[in-house]
Amino acid sequence: MAGERERLHQLTVEFIDTFNRNDLDAMMAYFTPDGVYDQFDGTEARGYEAVRAAFEPQFTGRFGEMKFLDEDLFIDADTGKVMASWTCTLEARGERTAWRGLDLLHWQGDKLVRKLTYAKAKVLQLDASLRP
């Protein structure tokens, strides 16, 4: 099982890196066609096009410049699930802020079938008028 754990670790590190490179196409290549993205605000995107549309504002910089700093990974190799905790930094309108969060990633082989995001912040509001 050590090999499967290492494989999931590597997949997750590479997946998170797509966010810091702002590479939407590379990030989407990890999702299955019917993948699900459960967002921090409870909104759920189902299917490739809906997931892409949900991420597009973030990747095009509409909320500001975001970076994700890895904190920790918990990997359940038997079920293909990974919990990745991180700090997100955001610079928008000349101001910097940060919050902590985590993603629960459900892998099936080398593809994501589900990504659930949770955030911990005093106030976390990305400009709703910019969302699709």
# chains A, B, ... in the order shown; residues from 1 in each chain; ligands from 1

call {"tool": "closest_atom_pairs", "arguments": {"of": "stretch 34-66 of chain A", "to": "stretch 106-116 of chain A", "cutoff": "12 Å", "atoms": "only C-alpha atoms", "output": "Markdown table"}}
result
| residue | atom | partner | partner_atom | distance |
| --- | --- | --- | --- | --- |
| A:Asp34 | CA | A:Val113 | CA | 7.1 |
| A:Gly35 | CA | A:Val113 | CA | 4.4 |
| A:Val36 | CA | A:Arg114 | CA | 4.6 |
| A:Tyr37 | CA | A:Lys115 | CA | 4.9 |
| A:Asp38 | CA | A:Leu116 | CA | 4.6 |
| A:Gln39 | CA | A:Leu116 | CA | 6.3 |
| A:Phe40 | CA | A:Leu116 | CA | 7.6 |
| A:Asp41 | CA | A:Leu116 | CA | 10.5 |
| A:Gly42 | CA | A:Leu116 | CA | 9.2 |
| A:Thr43 | CA | A:Leu116 | CA | 10.3 |
| A:Glu44 | CA | A:Leu116 | CA | 9.0 |
| A:Ala45 | CA | A:Lys115 | CA | 9.9 |
| A:Arg46 | CA | A:Arg114 | CA | 9.2 |
| A:Gly47 | CA | A:Val113 | CA | 9.6 |
| A:Tyr48 | CA | A:Val113 | CA | 10.4 |
| A:Val51 | CA | A:Lys115 | CA | 9.9 |
| A:Phe55 | CA | A:Lys115 | CA | 11.9 |

call {"tool": "write_last_selection", "arguments": {"atoms": "all heavy atoms", "output": "short mmCIF file (atom, residue, chain, number, x, y, z; two decimals), in the first residue's frame"}}
result
data_model
loop_
_atom_site.label_atom_id
_atom_site.label_comp_id
_atom_site.auth_asym_id
_atom_site.auth_seq_id
_atom_site.Cartn_x
_atom_site.Cartn_y
_atom_site.Cartn_z
N ASP A 34 -17.67 13.59 -15.39
CA ASP A 34 -18.82 13.82 -14.51
C ASP A 34 -18.38 14.23 -13.10
O ASP A 34 -19.13 14.10 -12.14
CB ASP A 34 -19.72 12.59 -14.45
CG ASP A 34 -18.98 11.35 -13.95
OD1 ASP A 34 -17.73 11.38 -13.88
OD2 ASP A 34 -19.65 10.36 -13.62
N GLY A 35 -17.17 14.78 -12.99
CA GLY A 35 -16.62 15.18 -11.69
C GLY A 35 -17.46 16.24 -11.00
O GLY A 35 -18.25 16.95 -11.63
N VAL A 36 -17.26 16.33 -9.68
CA VAL A 36 -18.02 17.27 -8.85
C VAL A 36 -17.05 18.16 -8.09
O VAL A 36 -16.06 17.68 -7.52
CB VAL A 36 -18.92 16.51 -7.84
CG1 VAL A 36 -19.62 17.47 -6.89
CG2 VAL A 36 -19.93 15.65 -8.58
N TYR A 37 -17.36 19.45 -8.07
CA TYR A 37 -16.62 20.42 -7.26
C TYR A 37 -17.61 21.04 -6.29
O TYR A 37 -18.49 21.79 -6.68
CB TYR A 37 -15.98 21.48 -8.16
CG TYR A 37 -15.38 22.66 -7.43
CD1 TYR A 37 -14.69 22.51 -6.22
CD2 TYR A 37 -15.48 23.93 -7.96
CE1 TYR A 37 -14.14 23.60 -5.57
CE2 TYR A 37 -14.93 25.03 -7.33
CZ TYR A 37 -14.26 24.86 -6.14
OH TYR A 37 -13.72 25.94 -5.50
N ASP A 38 -17.47 20.70 -5.02
CA ASP A 38 -18.30 21.23 -3.94
C ASP A 38 -17.53 22.40 -3.34
O ASP A 38 -16.52 22.22 -2.66
CB ASP A 38 -18.56 20.14 -2.91
CG ASP A 38 -19.57 20.53 -1.85
OD1 ASP A 38 -19.79 21.74 -1.64
OD2 ASP A 38 -20.11 19.63 -1.21
N GLN A 39 -17.98 23.63 -3.60
CA GLN A 39 -17.25 24.84 -3.27
C GLN A 39 -17.40 25.23 -1.80
O GLN A 39 -18.30 24.76 -1.11
CB GLN A 39 -17.72 25.96 -4.18
CG GLN A 39 -17.50 25.62 -5.65
CD GLN A 39 -18.16 26.58 -6.58
OE1 GLN A 39 -17.84 27.76 -6.57
NE2 GLN A 39 -19.08 26.08 -7.39
N PHE A 40 -16.51 26.13 -1.35
CA PHE A 40 -16.49 26.54 0.05
C PHE A 40 -17.82 27.15 0.50
O PHE A 40 -18.15 27.10 1.68
CB PHE A 40 -15.33 27.50 0.34
CG PHE A 40 -15.56 28.89 -0.19
CD1 PHE A 40 -16.15 29.86 0.60
CD2 PHE A 40 -15.18 29.23 -1.48
CE1 PHE A 40 -16.38 31.14 0.11
CE2 PHE A 40 -15.39 30.50 -1.97
CZ PHE A 40 -15.99 31.46 -1.18
N ASP A 41 -18.58 27.70 -0.42
CA ASP A 41 -19.85 28.34 -0.05
C ASP A 41 -21.05 27.40 -0.18
O ASP A 41 -22.19 27.81 -0.06
CB ASP A 41 -20.08 29.60 -0.88
CG ASP A 41 -20.23 29.32 -2.36
OD1 ASP A 41 -20.16 28.14 -2.79
OD2 ASP A 41 -20.41 30.30 -3.12
N GLY A 42 -20.77 26.12 -0.46
CA GLY A 42 -21.84 25.14 -0.57
C GLY A 42 -22.39 24.96 -1.98
O GLY A 42 -23.18 24.06 -2.22
N THR A 43 -21.97 25.80 -2.91
CA THR A 43 -22.39 25.67 -4.29
C THR A 43 -21.71 24.44 -4.89
O THR A 43 -20.54 24.20 -4.65
CB THR A 43 -21.99 26.92 -5.10
OG1 THR A 43 -22.55 28.07 -4.47
CG2 THR A 43 -22.50 26.83 -6.53
N GLU A 44 -22.45 23.68 -5.65
CA GLU A 44 -21.90 22.46 -6.25
C GLU A 44 -21.92 22.55 -7.77
O GLU A 44 -22.92 22.92 -8.36
CB GLU A 44 -22.72 21.25 -5.80
CG GLU A 44 -22.09 19.94 -6.15
CD GLU A 44 -22.87 18.77 -5.59
OE1 GLU A 44 -22.58 18.37 -4.45
OE2 GLU A 44 -23.76 18.27 -6.31
N ALA A 45 -20.78 22.25 -8.37
CA ALA A 45 -20.68 22.19 -9.82
C ALA A 45 -20.52 20.73 -10.21
O ALA A 45 -19.66 20.03 -9.67
CB ALA A 45 -19.48 23.01 -10.30
N ARG A 46 -21.35 20.27 -11.15
CA ARG A 46 -21.31 18.86 -11.60
C ARG A 46 -21.03 18.82 -13.09
O ARG A 46 -21.70 19.50 -13.87
CB ARG A 46 -22.65 18.18 -11.35
CG ARG A 46 -22.93 17.88 -9.93
CD ARG A 46 -24.23 17.08 -9.79
NE ARG A 46 -24.36 16.62 -8.43
CZ ARG A 46 -23.83 15.49 -7.97
NH1 ARG A 46 -23.17 14.71 -8.77
NH2 ARG A 46 -23.98 15.15 -6.71
N GLY A 47 -20.08 17.98 -13.47
CA GLY A 47 -19.74 17.82 -14.87
C GLY A 47 -18.63 18.76 -15.29
O GLY A 47 -18.42 19.82 -14.70
N TYR A 48 -17.92 18.35 -16.32
CA TYR A 48 -16.73 19.05 -16.78
C TYR A 48 -16.97 20.54 -17.02
O TYR A 48 -16.23 21.38 -16.51
CB TYR A 48 -16.19 18.37 -18.04
CG TYR A 48 -14.86 18.90 -18.49
CD1 TYR A 48 -13.69 18.36 -17.99
CD2 TYR A 48 -14.79 19.95 -19.41
CE1 TYR A 48 -12.45 18.86 -18.39
CE2 TYR A 48 -13.56 20.44 -19.82
CZ TYR A 48 -12.41 19.90 -19.31
OH TYR A 48 -11.19 20.40 -19.70
N VAL A 51 -17.77 22.48 -13.74
CA VAL A 51 -16.59 22.59 -12.88
C VAL A 51 -15.64 23.64 -13.46
O VAL A 51 -15.15 24.51 -12.75
CB VAL A 51 -15.89 21.23 -12.72
CG1 VAL A 51 -14.53 21.38 -12.04
CG2 VAL A 51 -16.77 20.27 -11.93
N PHE A 55 -14.37 27.35 -11.72
CA PHE A 55 -12.98 27.70 -11.46
C PHE A 55 -12.45 28.85 -12.32
O PHE A 55 -11.47 29.49 -11.97
CB PHE A 55 -12.08 26.48 -11.70
CG PHE A 55 -12.00 25.55 -10.53
CD1 PHE A 55 -12.51 24.26 -10.64
CD2 PHE A 55 -11.42 25.94 -9.34
CE1 PHE A 55 -12.43 23.38 -9.57
CE2 PHE A 55 -11.34 25.07 -8.27
CZ PHE A 55 -11.84 23.79 -8.39
#

call {"tool": "residues_around", "arguments": {"residues": "A:Ala26", "least_positions_apart": "5", "cutoff": "10 Å", "atoms": "only C-alpha atoms", "output": "JSON, numbers by chain"}}
result
{"A": [14, 15, 17, 18, 19, 21, 31]}

call {"tool": "atom_distance", "arguments": {"atom1": "atom CA of A:Cys88", "atom2": "atom CA of A:Lys67"}}
result
5.6 Å

call {"tool": "closest_residue", "arguments": {"among": "A:Leu90, A:Met83, A:Phe63, A:Ala77", "to": "A:Leu105", "atoms": "only C-alpha atoms"}}
result
A:Met83

call {"tool": "atom_distance", "arguments": {"atom1": "atom CA of A:Leu102", "atom2": "atom CA of A:Met27"}}
result
16.8 Å

call {"tool": "residues_around", "arguments": {"residues": "A:Ala92", "least_positions_apart": "6", "cutoff": "10 Å", "atoms": "only C-alpha atoms", "output": "VMD selection string"}}
result
chain A and resid 61 to 66

call {"tool": "select_by_dssp", "arguments": {"residues": "stretch 22-103 of chain A", "states": "alpha helix (DSSP H)", "output": "list in words"}}
result
Leu24, Asp25, Ala26, Met27, Met28, Tyr48, Glu49, Ala50, Val51, Arg52, Ala53, Ala54, Phe55, Glu56, Pro57, Gln58 and Phe59 of chain A

call {"tool": "closest_residue", "arguments": {"among": "A:Phe68, A:Thr60, A:Lys81, A:Ala53", "to": "A:His9", "atoms": "only C-alpha atoms"}}
result
A:Lys81

call {"tool": "select_by_dssp", "arguments": {"residues": "stretch 43-112 of chain A", "states": "strand (DSSP E)", "output": "tab-separated table (two decimals) with N, CA, C and O atoms, in the first residue's frame"}}
result
chain	number	residue	atom	x	y	z
A	44	GLU	N	-22.45	23.68	-5.65
A	44	GLU	CA	-21.90	22.46	-6.25
A	44	GLU	C	-21.92	22.55	-7.77
A	44	GLU	O	-22.92	22.92	-8.36
A	45	ALA	N	-20.78	22.25	-8.37
A	45	ALA	CA	-20.68	22.19	-9.82
A	45	ALA	C	-20.52	20.73	-10.21
A	45	ALA	O	-19.66	20.03	-9.67
A	46	ARG	N	-21.35	20.27	-11.15
A	46	ARG	CA	-21.31	18.86	-11.60
A	46	ARG	C	-21.03	18.82	-13.09
A	46	ARG	O	-21.70	19.50	-13.87
A	65	GLU	N	-4.81	37.85	-7.17
A	65	GLU	CA	-3.78	36.82	-7.31
A	65	GLU	C	-3.81	35.88	-6.12
A	65	GLU	O	-3.58	36.28	-4.98
A	66	MET	N	-4.11	34.61	-6.38
A	66	MET	CA	-4.20	33.59	-5.33
A	66	MET	C	-3.03	32.63	-5.43
A	66	MET	O	-2.61	32.26	-6.53
A	67	LYS	N	-2.54	32.22	-4.26
A	67	LYS	CA	-1.52	31.18	-4.16
A	67	LYS	C	-1.91	30.25	-3.02
A	67	LYS	O	-2.45	30.70	-2.00
A	68	PHE	N	-1.63	28.97	-3.20
A	68	PHE	CA	-1.94	27.98	-2.18
A	68	PHE	C	-0.64	27.41	-1.62
A	68	PHE	O	0.19	26.89	-2.36
A	69	LEU	N	-0.48	27.55	-0.31
A	69	LEU	CA	0.71	27.06	0.38
A	69	LEU	C	0.33	25.77	1.11
A	69	LEU	O	-0.53	25.78	1.99
A	70	ASP	N	0.95	24.68	0.72
A	70	ASP	CA	0.66	23.37	1.31
A	70	ASP	C	0.96	23.36	2.80
A	70	ASP	O	1.96	23.92	3.24
A	71	GLU	N	0.10	22.71	3.56
A	71	GLU	CA	0.35	22.51	4.98
A	71	GLU	C	0.54	21.03	5.28
A	71	GLU	O	1.58	20.62	5.78
A	72	ASP	N	-0.47	20.22	4.95
A	72	ASP	CA	-0.41	18.81	5.33
A	72	ASP	C	-1.29	17.99	4.41
A	72	ASP	O	-2.26	18.50	3.84
A	73	LEU	N	-0.95	16.72	4.28
A	73	LEU	CA	-1.75	15.78	3.52
A	73	LEU	C	-2.05	14.57	4.39
A	73	LEU	O	-1.16	14.06	5.07
A	74	PHE	N	-3.28	14.13	4.36
A	74	PHE	CA	-3.68	12.87	4.98
A	74	PHE	C	-4.20	12.00	3.86
A	74	PHE	O	-5.09	12.42	3.12
A	75	ILE	N	-3.66	10.82	3.73
A	75	ILE	CA	-3.97	9.97	2.59
A	75	ILE	C	-4.52	8.63	3.06
A	75	ILE	O	-3.91	7.96	3.90
A	76	ASP	N	-5.69	8.28	2.53
A	76	ASP	CA	-6.27	6.96	2.75
A	76	ASP	C	-6.14	6.20	1.44
A	76	ASP	O	-6.97	6.33	0.54
A	81	LYS	N	-8.72	8.51	-1.13
A	81	LYS	CA	-9.10	9.84	-0.65
A	81	LYS	C	-7.90	10.54	-0.01
A	81	LYS	O	-7.10	9.92	0.69
A	82	VAL	N	-7.84	11.85	-0.26
A	82	VAL	CA	-6.77	12.67	0.28
A	82	VAL	C	-7.40	13.92	0.89
A	82	VAL	O	-8.29	14.53	0.30
A	83	MET	N	-6.92	14.30	2.07
A	83	MET	CA	-7.27	15.58	2.66
A	83	MET	C	-6.03	16.44	2.61
A	83	MET	O	-4.99	16.08	3.17
A	84	ALA	N	-6.11	17.54	1.89
A	84	ALA	CA	-4.99	18.47	1.75
A	84	ALA	C	-5.35	19.77	2.45
A	84	ALA	O	-6.32	20.42	2.08
A	85	SER	N	-4.57	20.14	3.47
A	85	SER	CA	-4.80	21.43	4.13
A	85	SER	C	-3.81	22.44	3.57
A	85	SER	O	-2.70	22.08	3.15
A	86	TRP	N	-4.22	23.71	3.54
A	86	TRP	CA	-3.43	24.74	2.91
A	86	TRP	C	-3.77	26.12	3.49
A	86	TRP	O	-4.76	26.28	4.18
A	87	THR	N	-2.92	27.07	3.16
A	87	THR	CA	-3.21	28.48	3.38
A	87	THR	C	-3.30	29.12	2.01
A	87	THR	O	-2.42	28.92	1.17
A	88	CYS	N	-4.37	29.86	1.78
A	88	CYS	CA	-4.54	30.57	0.52
A	88	CYS	C	-4.21	32.03	0.77
A	88	CYS	O	-4.75	32.65	1.69
A	89	THR	N	-3.30	32.57	-0.05
A	89	THR	CA	-3.01	34.00	0.02
A	89	THR	C	-3.69	34.66	-1.18
A	89	THR	O	-3.78	34.08	-2.26
A	90	LEU	N	-4.18	35.86	-0.95
A	90	LEU	CA	-4.88	36.59	-1.99
A	90	LEU	C	-4.45	38.04	-1.94
A	90	LEU	O	-4.44	38.66	-0.87
A	91	GLU	N	-4.08	38.55	-3.09
A	91	GLU	CA	-3.79	39.98	-3.21
A	91	GLU	C	-4.79	40.55	-4.20
A	91	GLU	O	-4.86	40.12	-5.36
A	92	ALA	N	-5.61	41.48	-3.72
A	92	ALA	CA	-6.63	42.10	-4.56
A	92	ALA	C	-6.77	43.57	-4.18
A	92	ALA	O	-6.78	43.91	-2.99
A	95	GLU	N	-4.46	45.02	-1.58
A	95	GLU	CA	-4.51	44.50	-0.21
A	95	GLU	C	-4.21	43.01	-0.22
A	95	GLU	O	-4.58	42.29	-1.13
A	96	ARG	N	-3.54	42.56	0.85
A	96	ARG	CA	-3.23	41.14	1.01
A	96	ARG	C	-4.07	40.56	2.14
A	96	ARG	O	-4.30	41.21	3.15
A	97	THR	N	-4.50	39.34	1.92
A	97	THR	CA	-5.22	38.61	2.96
A	97	THR	C	-4.88	37.13	2.79
A	97	THR	O	-4.29	36.73	1.79
A	98	ALA	N	-5.27	36.34	3.78
A	98	ALA	CA	-5.02	34.90	3.71
A	98	ALA	C	-6.05	34.19	4.56
A	98	ALA	O	-6.62	34.78	5.49
A	99	TRP	N	-6.30	32.94	4.23
A	99	TRP	CA	-7.17	32.10	5.04
A	99	TRP	C	-6.70	30.67	4.92
A	99	TRP	O	-5.98	30.31	4.01
A	100	ARG	N	-7.13	29.89	5.86
A	100	ARG	CA	-6.77	28.47	5.85
A	100	ARG	C	-7.96	27.66	5.35
A	100	ARG	O	-9.11	28.06	5.51
A	101	GLY	N	-7.65	26.52	4.77
A	101	GLY	CA	-8.71	25.66	4.28
A	101	GLY	C	-8.20	24.27	4.00
A	101	GLY	O	-7.04	23.94	4.27
A	102	LEU	N	-9.11	23.47	3.49
A	102	LEU	CA	-8.72	22.12	3.11
A	102	LEU	C	-9.60	21.63	1.98
A	102	LEU	O	-10.71	22.11	1.77
A	103	ASP	N	-9.04	20.69	1.25
A	103	ASP	CA	-9.75	20.01	0.18
A	103	ASP	C	-9.81	18.54	0.52
A	103	ASP	O	-8.82	17.96	0.97
A	104	LEU	N	-10.97	17.94	0.29
A	104	LEU	CA	-11.11	16.50	0.34
A	104	LEU	C	-11.19	16.05	-1.11
A	104	LEU	O	-12.09	16.45	-1.85
A	105	LEU	N	-10.19	15.29	-1.52
A	105	LEU	CA	-10.07	14.86	-2.91
A	105	LEU	C	-10.38	13.37	-3.01
A	105	LEU	O	-9.78	12.56	-2.30
A	106	HIS	N	-11.32	13.02	-3.87
A	106	HIS	CA	-11.70	11.63	-4.10
A	106	HIS	C	-11.13	11.21	-5.45
A	106	HIS	O	-11.64	11.63	-6.49
A	107	TRP	N	-10.08	10.42	-5.42
A	107	TRP	CA	-9.42	9.95	-6.63
A	107	TRP	C	-9.96	8.59	-7.05
A	107	TRP	O	-10.24	7.74	-6.23
A	108	GLN	N	-10.09	8.44	-8.35
A	108	GLN	CA	-10.42	7.15	-8.96
A	108	GLN	C	-9.35	6.94	-10.03
A	108	GLN	O	-9.38	7.58	-11.08
A	111	LYS	N	-7.73	10.15	-11.78
A	111	LYS	CA	-8.71	11.21	-12.02
A	111	LYS	C	-9.47	11.55	-10.74
A	111	LYS	O	-9.72	10.69	-9.89
A	112	LEU	N	-9.87	12.81	-10.66
A	112	LEU	CA	-10.69	13.27	-9.54
A	112	LEU	C	-12.16	13.10	-9.88
A	112	LEU	O	-12.61	13.56	-10.93

call {"tool": "atom_distance", "arguments": {"atom1": "atom CA of A:Arg93", "atom2": "atom CA of A:Phe59"}}
result
16.7 Å

call {"tool": "closest_residue", "arguments": {"among": "A:Asn22, A:Lys120, A:Gly94, A:Asp78", "to": "A:Gly3", "atoms": "only C-alpha atoms"}}
result
A:Asp78
